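**Q** Dropping the structure in here first, questions after.
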Amino acid sequence: MAQIIEKIPDILGTLVINEDGAVISSTGELQNEEHAAKSVMSMLQASSRGQLTSDGSQQFKRMSVVFDTFMYVVTLSNKRVYVAKRGYNPQEPVLA
Amino acid sequence: MEEALDKVLDDTMNMPGVTGVLCTDKLGLCLGARGNAPAHSSGLIATLANHAKALEANAEAPPIVCLESDSGNILIRAKDGITTAIYKVPSGP
């Protein structure tokens, strides 16, 4: 998985965090970014409490945090949290 | 003031794919909710928006948080002291 996220187009940096919140590996712009890891883990803990939906059953498979020119994409696999920071260049809509 | 907010909430609910909408202040006090957006989630939504902003303290515009699941997506954005969450049907594969 760690090798796969390195190959994502426009990747700027990656973080792999274990279930205790400790950074296992970090690359690129996210190298040694303990602060980003802490924020991501806080967001995951908040969203996993099951109170965001009325039935409380919703299990999220992906979380994105989209800024103007880049985005963080967070997903879970094998009890690890994978964070990818990648460039974001939205296409202008085609006007007919 | 409340009428204007109610109108915005109702207009948002009528947009295609929207199943719920919620507005909260930055402390998590629910200002209004429609559809399947539970009013008790306002605190968590404000927390998520605050943590997302802390990811990049130098960013000019506030970020959009998107939570994706098989049953739907939640989009969250904080602007001018108001945090809005929009609940939508799942996007395509």
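Just so we're on the same page: first chain in the structure tokens is A, next is B, and so on; residues restart at 1 for each chain, and ligands are numbered from 1 in the order they show up.
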Show me, as JSON, numbers by chain, the residues of chain A whose atoms get within 12 Å of chain B, using only C-alpha atoms for the distance check.
**A** {"A": [29, 30, 33, 34, 35, 36, 37, 38, 39, 40, 41, 42, 43, 44, 45, 46, 47, 48, 49, 50, 51, 52, 53, 54, 55, 56, 57, 58, 59, 60, 61, 62, 63, 64, 65, 66, 67, 68, 69, 70, 71, 72, 73, 74, 75, 85]}
**Q** So the first atom is CA of Asn18 in chain A and the second is CA of Arg80 in chain A; what is the distance between them in Å, to one decimal place?
**A**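 That distance, rounded to one decimal, is 4.7 Å.
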**Q** Report the distance between CA of Glu2 in chain B and CA of Thr84 in chain B in Å, rounded to one decimal place.
**A**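 Rounded to one decimal, the two atoms are 15.3 Å apart.
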**Q** Would you please give, as a JSON list (two decimals) with C-alpha atoms, in the first residue's frame, all residues of chain B that DSSP assigns to strand (DSSP E) based on the backbone?
**A**
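Wrote states08.json, looks like this:
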```json
[["chain", "number", "residue", "atom", "x", "y", "z"],
["B", 18, "VAL", "CA", -28.99, 16.63, -1.66],
["B", 19, "THR", "CA", -30.54, 14.58, 1.16],
["B", 20, "GLY", "CA", -29.78, 16.86, 4.11],
["B", 21, "VAL", "CA", -28.24, 20.17, 5.12],
["B", 22, "LEU", "CA", -27.11, 21.61, 8.45],
["B", 23, "CYS", "CA", -25.72, 24.98, 9.56],
["B", 24, "THR", "CA", -23.81, 25.48, 12.80],
["B", 25, "ASP", "CA", -21.80, 28.29, 14.38],
["B", 30, "CYS", "CA", -26.97, 24.12, 15.48],
["B", 31, "LEU", "CA", -28.55, 27.03, 13.58],
["B", 32, "GLY", "CA", -30.78, 24.89, 11.38],
["B", 33, "ALA", "CA", -31.07, 21.42, 9.87],
["B", 34, "ARG", "CA", -33.10, 19.78, 7.10],
["B", 35, "GLY", "CA", -33.54, 16.25, 5.77],
["B", 64, "ILE", "CA", -13.84, 21.59, 2.10],
["B", 65, "VAL", "CA", -14.04, 18.31, 4.01],
["B", 66, "CYS", "CA", -15.60, 15.42, 2.09],
["B", 67, "LEU", "CA", -16.53, 12.22, 3.93],
["B", 68, "GLU", "CA", -17.41, 9.41, 1.53],
["B", 69, "SER", "CA", -19.30, 6.23, 2.34],
["B", 72, "GLY", "CA", -23.72, 8.93, 0.88],
["B", 73, "ASN", "CA", -21.26, 11.80, 1.05],
["B", 74, "ILE", "CA", -21.01, 14.66, 3.56],
["B", 75, "LEU", "CA", -19.43, 17.95, 2.46],
["B", 76, "ILE", "CA", -18.39, 20.40, 5.20],
["B", 77, "ARG", "CA", -17.09, 23.95, 4.85],
["B", 78, "ALA", "CA", -16.64, 26.78, 7.36],
["B", 79, "LYS", "CA", -16.88, 30.35, 6.16],
["B", 82, "ILE", "CA", -20.78, 29.60, 9.87],
["B", 83, "THR", "CA", -20.09, 25.94, 9.12],
["B", 84, "THR", "CA", -22.32, 24.23, 6.58],
["B", 85, "ALA", "CA", -22.66, 20.49, 6.04],
["B", 86, "ILE", "CA", -24.39, 19.10, 2.96],
["B", 87, "TYR", "CA", -25.46, 15.45, 2.89],
["B", 88, "LYS", "CA", -25.58, 13.98, -0.61]]
```
**Q** Fewer than 2 positions away in the same chain doesn't count, so skip those; otherwise give me all residues within 6 Å of range 6-12 of chain A, counting only C-alpha atoms, as a PyMOL selection string.
**A** chain A and resi 3-4+28-29+85-87
